[in-house]
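Text of input_14.txt, listed as compact mmCIF, C-alpha atoms:
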# COMPACT_ATOMS: atom_id res chain seq x y z
CA MET Z 1 0.00 0.00 0.00
CA SER Z 2 1.48 3.39 -0.98
CA ALA Z 3 1.70 6.33 1.42
CA ALA Z 4 -0.86 8.16 -0.70
CA GLN Z 5 -3.31 5.30 -0.35
CA ALA Z 6 -2.68 5.08 3.36
CA SER Z 7 -3.32 8.78 3.85
CA ALA Z 8 -6.49 8.56 1.73
CA GLY Z 9 -7.73 5.77 3.97
CA THR Z 10 -8.10 3.36 1.06
CA THR Z 11 -6.96 -0.24 1.16
CA MET Z 12 -5.98 -2.51 -1.67
CA ALA Z 13 -5.69 -6.23 -1.79
CA PRO Z 14 -2.05 -7.29 -1.53
CA GLU Z 15 -0.44 -7.74 -4.91
CA VAL Z 16 -0.48 -11.38 -5.92
CA VAL Z 17 2.71 -12.58 -7.56
CA GLU Z 18 1.53 -14.87 -10.33
CA THR Z 19 4.56 -17.10 -10.34
CA ASP Z 20 7.63 -17.22 -8.19
CA SER Z 21 10.75 -18.55 -9.77
CA LEU Z 22 14.02 -20.16 -8.92
CA HIS Z 23 16.83 -19.03 -11.22
CA GLN Z 24 14.08 -17.65 -13.48
CA ILE Z 25 12.51 -21.13 -13.69
CA PRO Z 26 8.84 -21.12 -12.65
CA LEU Z 27 8.48 -22.92 -9.31
CA GLY Z 28 5.81 -25.18 -10.77
CA LYS Z 29 8.29 -26.47 -13.33
CA VAL Z 30 10.97 -27.04 -10.66
CA ALA Z 31 8.36 -28.89 -8.59
CA ILE Z 32 7.30 -31.22 -11.40
CA TRP Z 33 10.90 -32.05 -12.31
CA TRP Z 34 11.61 -32.69 -8.61
CA PHE Z 35 8.65 -35.07 -8.51
CA LEU Z 36 9.94 -36.83 -11.65
CA ALA Z 37 13.35 -37.18 -10.00
CA SER Z 38 11.69 -39.05 -7.13
CA GLU Z 39 9.94 -41.27 -9.67
CA ILE Z 40 13.32 -42.03 -11.27
CA MET Z 41 14.39 -43.41 -7.89
CA VAL Z 42 11.24 -45.56 -7.64
CA PHE Z 43 11.44 -47.09 -11.11
CA GLY Z 44 15.24 -47.12 -11.08
CA GLY Z 45 15.17 -49.10 -7.86
CA LEU Z 46 12.72 -51.61 -9.34
CA ILE Z 47 14.74 -51.99 -12.54
CA THR Z 48 17.97 -52.44 -10.56
CA SER Z 49 16.32 -55.08 -8.36
CA TYR Z 50 15.02 -56.88 -11.46
CA LEU Z 51 18.47 -56.94 -13.05
CA LEU Z 52 20.12 -58.13 -9.84
CA MET Z 53 17.60 -60.93 -9.32
CA MET Z 54 17.87 -61.91 -13.00
CA PHE Z 55 21.66 -62.26 -12.70
CA ALA Z 56 21.49 -63.91 -9.28
CA HIS Z 57 18.78 -66.47 -9.89
CA GLY Z 58 18.38 -66.95 -13.63
CA GLY Z 59 15.35 -68.70 -15.11
CA PHE Z 60 13.78 -65.40 -16.12
CA ALA Z 61 14.10 -66.14 -19.83
CA GLU Z 62 12.06 -69.36 -19.53
CA GLN Z 63 9.27 -67.52 -17.70
CA ALA Z 64 9.39 -64.45 -19.97
CA VAL Z 65 8.64 -66.57 -23.04
CA HIS Z 66 4.95 -66.38 -22.10
CA VAL Z 67 4.58 -62.58 -22.19
CA LYS Z 68 2.67 -61.18 -25.14
CA TRP Z 69 5.36 -59.14 -26.84
CA LYS Z 70 3.25 -58.18 -29.84
CA LEU Z 71 0.70 -56.54 -27.54
CA GLY Z 72 3.57 -54.91 -25.67
CA ALA Z 73 4.81 -53.49 -28.98
CA LEU Z 74 1.30 -52.24 -29.80
CA ASN Z 75 1.13 -50.56 -26.40
CA THR Z 76 4.50 -48.94 -27.05
CA LEU Z 77 3.13 -47.54 -30.32
CA VAL Z 78 0.06 -46.26 -28.46
CA LEU Z 79 2.11 -44.55 -25.76
CA LEU Z 80 4.61 -42.99 -28.19
CA THR Z 81 1.70 -41.58 -30.22
CA SER Z 82 0.09 -40.22 -27.05
CA SER Z 83 3.36 -38.43 -26.25
CA MET Z 84 3.17 -36.74 -29.64
CA THR Z 85 -0.45 -35.69 -29.15
CA MET Z 86 0.39 -34.34 -25.69
CA ILE Z 87 3.19 -32.14 -27.01
CA LEU Z 88 0.94 -31.02 -29.89
CA ALA Z 89 -1.62 -30.01 -27.24
CA LEU Z 90 1.06 -27.80 -25.65
CA ALA Z 91 2.00 -26.33 -29.05
CA SER Z 92 -1.70 -25.55 -29.65
CA ALA Z 93 -2.03 -23.96 -26.21
CA ARG Z 94 0.95 -21.74 -27.00
CA LYS Z 95 -0.78 -20.70 -30.24
CA LYS Z 96 -3.95 -20.03 -28.17
CA ASP Z 97 -5.88 -22.48 -30.36
CA LEU Z 98 -8.46 -23.80 -27.89
CA GLU Z 99 -10.12 -26.30 -30.23
CA LYS Z 100 -6.87 -28.01 -31.18
CA THR Z 101 -5.68 -27.99 -27.57
CA ARG Z 102 -8.90 -29.70 -26.53
CA MET Z 103 -8.70 -32.16 -29.45
CA PHE Z 104 -5.13 -33.22 -28.72
CA LEU Z 105 -5.80 -33.53 -24.99
CA GLY Z 106 -8.83 -35.68 -25.77
CA ILE Z 107 -6.82 -37.94 -28.09
CA THR Z 108 -4.11 -38.27 -25.43
CA VAL Z 109 -6.72 -39.37 -22.87
CA LEU Z 110 -8.19 -41.89 -25.33
CA LEU Z 111 -4.76 -43.33 -26.15
CA GLY Z 112 -3.98 -43.64 -22.45
CA LEU Z 113 -7.23 -45.54 -21.92
CA THR Z 114 -6.38 -47.75 -24.93
CA PHE Z 115 -3.06 -48.61 -23.27
CA LEU Z 116 -4.81 -49.64 -20.06
CA VAL Z 117 -7.50 -51.64 -21.87
CA ILE Z 118 -4.87 -53.61 -23.82
CA LYS Z 119 -2.82 -54.13 -20.66
CA ILE Z 120 -5.69 -55.29 -18.46
CA PHE Z 121 -8.05 -57.11 -20.81
CA PHE Z 122 -5.65 -58.54 -23.40
CA GLU Z 123 -2.57 -59.21 -21.25
CA TYR Z 124 -3.24 -59.44 -17.51
CA ILE Z 125 -6.53 -61.33 -17.64
CA PRO Z 126 -5.41 -63.94 -20.23
CA GLU Z 127 -2.05 -64.36 -18.44
CA ILE Z 128 -3.78 -64.93 -15.10
CA GLY Z 129 -6.15 -67.31 -16.88
CA GLU Z 130 -3.13 -69.26 -18.16
CA GLY Z 131 -1.91 -69.59 -14.57
CA PHE Z 132 0.70 -66.81 -14.56
CA THR Z 133 0.17 -64.74 -11.44
CA PRO Z 134 2.50 -62.61 -9.29
CA ALA Z 135 3.08 -65.73 -7.19
CA SER Z 136 4.12 -67.86 -10.18
CA GLY Z 137 7.80 -66.95 -9.95
CA MET Z 138 10.19 -64.09 -9.49
CA PHE Z 139 9.91 -62.89 -13.09
CA TRP Z 140 6.11 -62.74 -12.84
CA SER Z 141 6.31 -60.88 -9.53
CA PHE Z 142 8.45 -58.25 -11.17
CA TYR Z 143 6.36 -58.23 -14.35
CA PHE Z 144 3.06 -57.60 -12.57
CA GLY Z 145 4.67 -55.27 -10.04
CA MET Z 146 6.51 -53.08 -12.51
CA THR Z 147 3.85 -52.95 -15.21
CA GLY Z 148 1.15 -52.56 -12.56
CA LEU Z 149 2.92 -49.61 -10.96
CA HIS Z 150 3.46 -48.12 -14.41
CA GLY Z 151 -0.23 -48.65 -15.18
CA VAL Z 152 -1.21 -46.79 -12.01
CA HIS Z 153 0.97 -43.90 -13.19
CA VAL Z 154 -0.70 -43.99 -16.61
CA PHE Z 155 -4.09 -43.81 -14.90
CA GLY Z 156 -2.97 -40.79 -12.87
CA GLY Z 157 -1.84 -39.08 -16.06
CA ILE Z 158 -5.18 -39.86 -17.71
CA VAL Z 159 -7.01 -38.22 -14.81
CA ALA Z 160 -4.82 -35.10 -14.98
CA ASN Z 161 -5.18 -34.81 -18.75
CA PHE Z 162 -8.95 -35.34 -18.53
CA CYS Z 163 -9.20 -32.52 -16.00
CA LEU Z 164 -7.36 -30.26 -18.44
CA PHE Z 165 -9.65 -31.43 -21.25
CA VAL Z 166 -12.69 -30.46 -19.17
CA TYR Z 167 -11.07 -27.08 -18.36
CA THR Z 168 -10.81 -26.31 -22.08
CA MET Z 169 -14.60 -26.65 -22.42
CA ARG Z 170 -15.02 -23.11 -21.14
CA LYS Z 171 -13.25 -19.75 -21.27
CA VAL Z 172 -9.64 -20.27 -20.20
CA ASP Z 173 -6.83 -18.28 -18.67
CA TRP Z 174 -4.21 -18.94 -21.37
CA SER Z 175 -1.09 -18.53 -19.24
CA LEU Z 176 -2.56 -20.91 -16.65
CA LEU Z 177 -3.63 -23.44 -19.29
CA GLU Z 178 -0.26 -23.35 -21.02
CA ARG Z 179 1.61 -23.96 -17.74
CA ARG Z 180 -0.69 -26.78 -16.70
CA VAL Z 181 -0.52 -28.50 -20.08
CA GLU Z 182 3.28 -28.20 -19.97
CA TYR Z 183 3.53 -29.71 -16.48
CA ALA Z 184 1.01 -32.48 -17.21
CA GLY Z 185 2.96 -33.13 -20.42
CA LEU Z 186 6.25 -33.49 -18.55
CA TYR Z 187 4.64 -36.16 -16.35
CA TRP Z 188 3.09 -37.92 -19.35
CA HIS Z 189 6.37 -38.00 -21.30
CA PHE Z 190 8.14 -39.39 -18.23
CA VAL Z 191 5.60 -42.22 -18.03
CA ASP Z 192 6.34 -42.87 -21.72
CA VAL Z 193 10.12 -42.92 -21.12
CA VAL Z 194 9.67 -45.46 -18.31
CA TRP Z 195 7.72 -47.72 -20.69
CA ILE Z 196 10.43 -47.27 -23.36
CA PHE Z 197 12.75 -49.12 -20.96
CA LEU Z 198 10.22 -51.50 -19.37
CA PHE Z 199 9.11 -52.89 -22.74
CA PRO Z 200 12.49 -54.25 -23.86
CA LEU Z 201 13.39 -55.27 -20.30
CA LEU Z 202 10.30 -57.40 -19.71
CA TYR Z 203 9.20 -58.36 -23.22
CA LEU Z 204 12.25 -58.48 -25.51
CA THR Z 205 15.21 -59.60 -23.41
CA MET L 1 4.53 -9.33 -38.68
CA SER L 2 5.72 -10.61 -35.30
CA GLU L 3 2.54 -12.71 -35.00
CA ALA L 4 3.22 -14.24 -38.39
CA VAL L 5 6.78 -15.05 -37.33
CA ALA L 6 5.51 -16.57 -34.07
CA GLY L 7 2.95 -18.60 -36.02
CA GLU L 8 5.63 -19.87 -38.37
CA HIS L 9 7.80 -20.83 -35.39
CA THR L 10 5.01 -22.85 -33.76
CA ARG L 11 4.20 -24.54 -37.11
CA ASP L 12 7.87 -25.53 -37.35
CA GLU L 13 7.64 -26.88 -33.77
CA SER L 14 4.61 -29.02 -34.63
CA SER L 15 6.39 -30.39 -37.71
CA LEU L 16 9.41 -31.21 -35.55
CA TYR L 17 7.23 -33.09 -33.04
CA VAL L 18 5.64 -35.16 -35.80
CA MET L 19 9.08 -35.89 -37.29
CA ILE L 20 10.36 -37.02 -33.87
CA TRP L 21 7.32 -39.32 -33.60
CA GLY L 22 8.25 -40.78 -37.01
CA TRP L 23 11.76 -41.52 -35.76
CA LEU L 24 10.39 -43.08 -32.57
CA ILE L 25 8.19 -45.44 -34.58
CA PHE L 26 11.11 -46.30 -36.88
CA LEU L 27 13.28 -47.10 -33.85
CA LEU L 28 10.48 -49.21 -32.35
CA ILE L 29 10.31 -51.26 -35.56
CA ALA L 30 14.12 -51.53 -35.63
CA GLY L 31 14.12 -52.86 -32.06
CA LEU L 32 11.47 -55.45 -32.93
CA ALA L 33 13.45 -56.48 -36.03
CA ILE L 34 16.53 -57.08 -33.88
CA PHE L 35 14.39 -59.13 -31.47
CA VAL L 36 13.31 -61.53 -34.22
CA LEU L 37 16.72 -61.75 -35.90
CA PRO L 38 18.76 -64.93 -35.26
CA ILE L 39 21.66 -63.19 -33.46
CA SER L 40 23.27 -63.79 -30.09
CA LYS L 41 21.20 -62.81 -27.04
CA ALA L 42 23.91 -60.55 -25.65
CA LEU L 43 24.26 -58.63 -28.91
CA ALA L 44 20.47 -58.38 -29.31
CA ALA L 45 20.12 -57.06 -25.73
CA PHE L 46 22.87 -54.50 -26.28
CA LEU L 47 21.33 -53.24 -29.53
CA ILE L 48 17.76 -53.19 -28.16
CA PHE L 49 18.74 -51.19 -25.09
CA SER L 50 20.87 -48.83 -27.16
CA ILE L 51 17.83 -48.15 -29.31
CA ALA L 52 15.73 -47.63 -26.16
CA ALA L 53 18.28 -45.08 -24.92
CA VAL L 54 18.09 -43.18 -28.22
CA LYS L 55 14.27 -43.19 -28.06
CA ALA L 56 14.33 -41.93 -24.49
CA ALA L 57 16.80 -39.19 -25.44
CA LEU L 58 14.55 -38.06 -28.31
CA VAL L 59 11.54 -37.81 -25.98
CA ILE L 60 13.46 -36.13 -23.16
CA ARG L 61 15.26 -33.58 -25.33
CA ASN L 62 12.43 -32.69 -27.69
CA TYR L 63 9.10 -33.45 -25.98
CA MET L 64 10.25 -32.58 -22.46
CA HIS L 65 12.34 -29.68 -23.85
CA LEU L 66 15.30 -30.59 -21.68
CA LYS L 67 17.68 -29.21 -24.33
CA HIS L 68 16.33 -25.71 -23.56
CA GLU L 69 16.27 -26.01 -19.79
CA HIS L 70 18.40 -24.41 -17.09
CA LEU L 71 21.34 -26.30 -15.54
CA LEU L 72 19.31 -26.73 -12.32
CA ILE L 73 16.79 -28.95 -14.14
CA TYR L 74 19.64 -31.09 -15.54
CA LEU L 75 21.00 -31.54 -12.01
CA ILE L 76 17.57 -32.47 -10.62
CA VAL L 77 17.36 -35.23 -13.26
CA LEU L 78 21.01 -36.28 -13.25
CA ILE L 79 21.51 -36.87 -9.53
CA PRO L 80 18.93 -39.68 -9.09
CA LEU L 81 20.15 -41.24 -12.35
CA LEU L 82 23.70 -41.30 -10.96
CA PHE L 83 22.40 -42.91 -7.74
CA PHE L 84 20.58 -45.54 -9.78
CA PHE L 85 23.62 -46.36 -11.93
CA GLY L 86 25.88 -46.26 -8.89
CA PHE L 87 23.76 -48.88 -7.08
CA MET L 88 23.71 -51.06 -10.17
CA MET L 89 27.43 -50.85 -10.85
CA THR L 90 28.21 -51.50 -7.18
CA LEU L 91 26.03 -54.57 -6.78
CA ILE L 92 25.96 -56.25 -10.20
CA PRO L 93 29.65 -57.33 -10.29
CA ASP L 94 29.25 -58.94 -6.85
CA ILE L 95 26.03 -60.73 -7.79
CA VAL L 96 27.41 -61.91 -11.16
CA TYR L 97 30.61 -63.16 -9.47
CA ARG L 98 28.66 -65.09 -6.83
CA HIS L 99 26.37 -66.57 -9.48
CA ALA L 100 29.37 -67.60 -11.60
CA MET L 101 31.01 -69.22 -8.54
CA GLY L 102 27.80 -71.10 -7.81
CA MET L 103 27.33 -69.44 -4.40

Just dump the structure as structure tokens.
Amino acid sequence: MSAAQASAGTTMAPEVVETDSLHQIPLGKVAIWWFLASEIMVFGGLITSYLLMMFAHGGFAEQAVHVKWKLGALNTLVLLTSSMTMILALASARKKDLEKTRMFLGITVLLGLTFLVIKIFFEYIPEIGEGFTPASGMFWSFYFGMTGLHGVHVFGGIVANFCLFVYTMRKVDWSLLERRVEYAGLYWHFVDVVWIFLFPLLYLT
Amino acid sequence: MSEAVAGEHTRDESSLYVMIWGWLIFLLIAGLAIFVLPISKALAAFLIFSIAAVKAALVIRNYMHLKHEHLLIYLIVLIPLLFFFGFMMTLIPDIVYRHAMGM
């Protein structure tokens, strides 16, 4: 409040700083990268454990023969395409093209759901029906654990992207939308990068 | 004029993203081709994971825009990766040695 305002007896709401920054990086961006760093530790730990157990105990190759690698490849295609549509949503938000932003967010949500449908209905359920459960052996424990945890992350990303999709149904604050699409995109691309390594680890080698 | 330039820039960005996607699909197919080829398992694993690393780098640098980011962001990403590799490199030789010795 300025001295003039104080003497006039008027009050103003305190100025709201829209974004704080750290080294000119918006705090929201630092926060999402920090969160992704913690996720690197989670998935990195699981991958390290898998590799150690594979070397220590062996027998993983015989068990891994039963995974459905063609469906895994299809899911990889789905997730890579969803990464493209997510970044195109950000590009559209930067151009202030609401319809395209909404369209690309919607496609990303649909592709994410496609990934989960393939995973659950065409892989997990048939595999369990064939007698392969998390208790069937160490490989299957890791397979269900790692892909299941990844699937939970995909679901979280779907929820976030759907919320953004709904937000685009009305008048938007462009700077807010652009930031949120960027941060949701960073999370979504990370989930894709994790799958880029999980797919060859569990399905191809 | 500046709006036209900005529009051109974002059109170039979109074309880049689609091109990156094309490369990702090509690398996916290449990885699958290596998987079905009759080559040694060790060589196949090395090539498949090398391809995976290239795919991850394309996504991280272009879709996550890491190539434009501040050093702080690189450090936030790099430090847990170093931990992860450190744990692996520390434990794997011991485990492999014990397995080879039949312990």

*Within 7 Å of chain L, which residues of chain Z show up when using all atoms listed in the file, listed as a ChimeraX atom specification?*
/Z:33-34,37,40-41,44-45,48,52,55-56,77,81,84,87-88,91,186,189,193,196-197,200,204-205

_Val117 (chain Z) environment, 12 Å, only C-alpha atoms, sequence neighbours closer than 6 positions dropped, as a list in words_ =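 Once the nearby chain positions are removed, what remains is Leu71, Leu74, Asn75, Val78, Leu110, Leu111, Glu123, Tyr124, Ile125, Gly151, Val154 and Phe155 of chain Z.
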
*Please measure the separation of CA of Gly156 (chain Z) and CA of Tyr143 (chain Z), giving the value in Å to one decimal.*
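Result for CA of Gly156 (chain Z) versus CA of Tyr143 (chain Z): 19.8 Å, one decimal.
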
*Can you pull out every residue within 12 Å of Glu62 (chain Z), counting only C-alpha atoms, but drop anything in the same chain fewer than 3 positions away, and send it as a list in words?*
Met54, Gly58, Gly59, Val65, His66, Val67, Gly137, Met138, Phe139, Trp140, Tyr203 and Thr205 of chain Z

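Computed from the coordinates, the CA of Thr85 (chain Z) to CA of Ile107 (chain Z) distance equals 6.8 Å.
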
*d(CA of Leu116 (chain Z), CA of Trp195 (chain Z)) in Å*: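 Distance between the two atoms: 12.7 Å.
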
*asked:* Need to verify the contact set: Ile47 (chain Z), 9 Å, all atoms listed in the file, exclusion of same-chain residues closer than 6 positions in sequence. Can you return it as a ChimeraX atom specification?
replied: /Z:142,146,198,201

Restricting the output to C-alpha atoms, write the selected residues as a compact mmCIF listing (two decimals), in the frame of the given file.
# COMPACT_ATOMS: atom_id res chain seq x y z
CA PHE Z 142 8.45 -58.25 -11.17
CA MET Z 146 6.51 -53.08 -12.51
CA LEU Z 198 10.22 -51.50 -19.37
CA LEU Z 201 13.39 -55.27 -20.30

_Spatial neighbours of region 100-106 of chain Z, max dist 6 Å, all atoms listed in the file, sep filter under 5 positions, as JSON, numbers by chain_ = {"Z": [85, 89, 92, 93, 165, 168]}

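The residue that comes closest to Glu127 (chain Z), out of Z:Leu80, Z:Leu46, Z:Ala64, Z:Phe190 and on the basis of only C-alpha atoms, is Z:Ala64.
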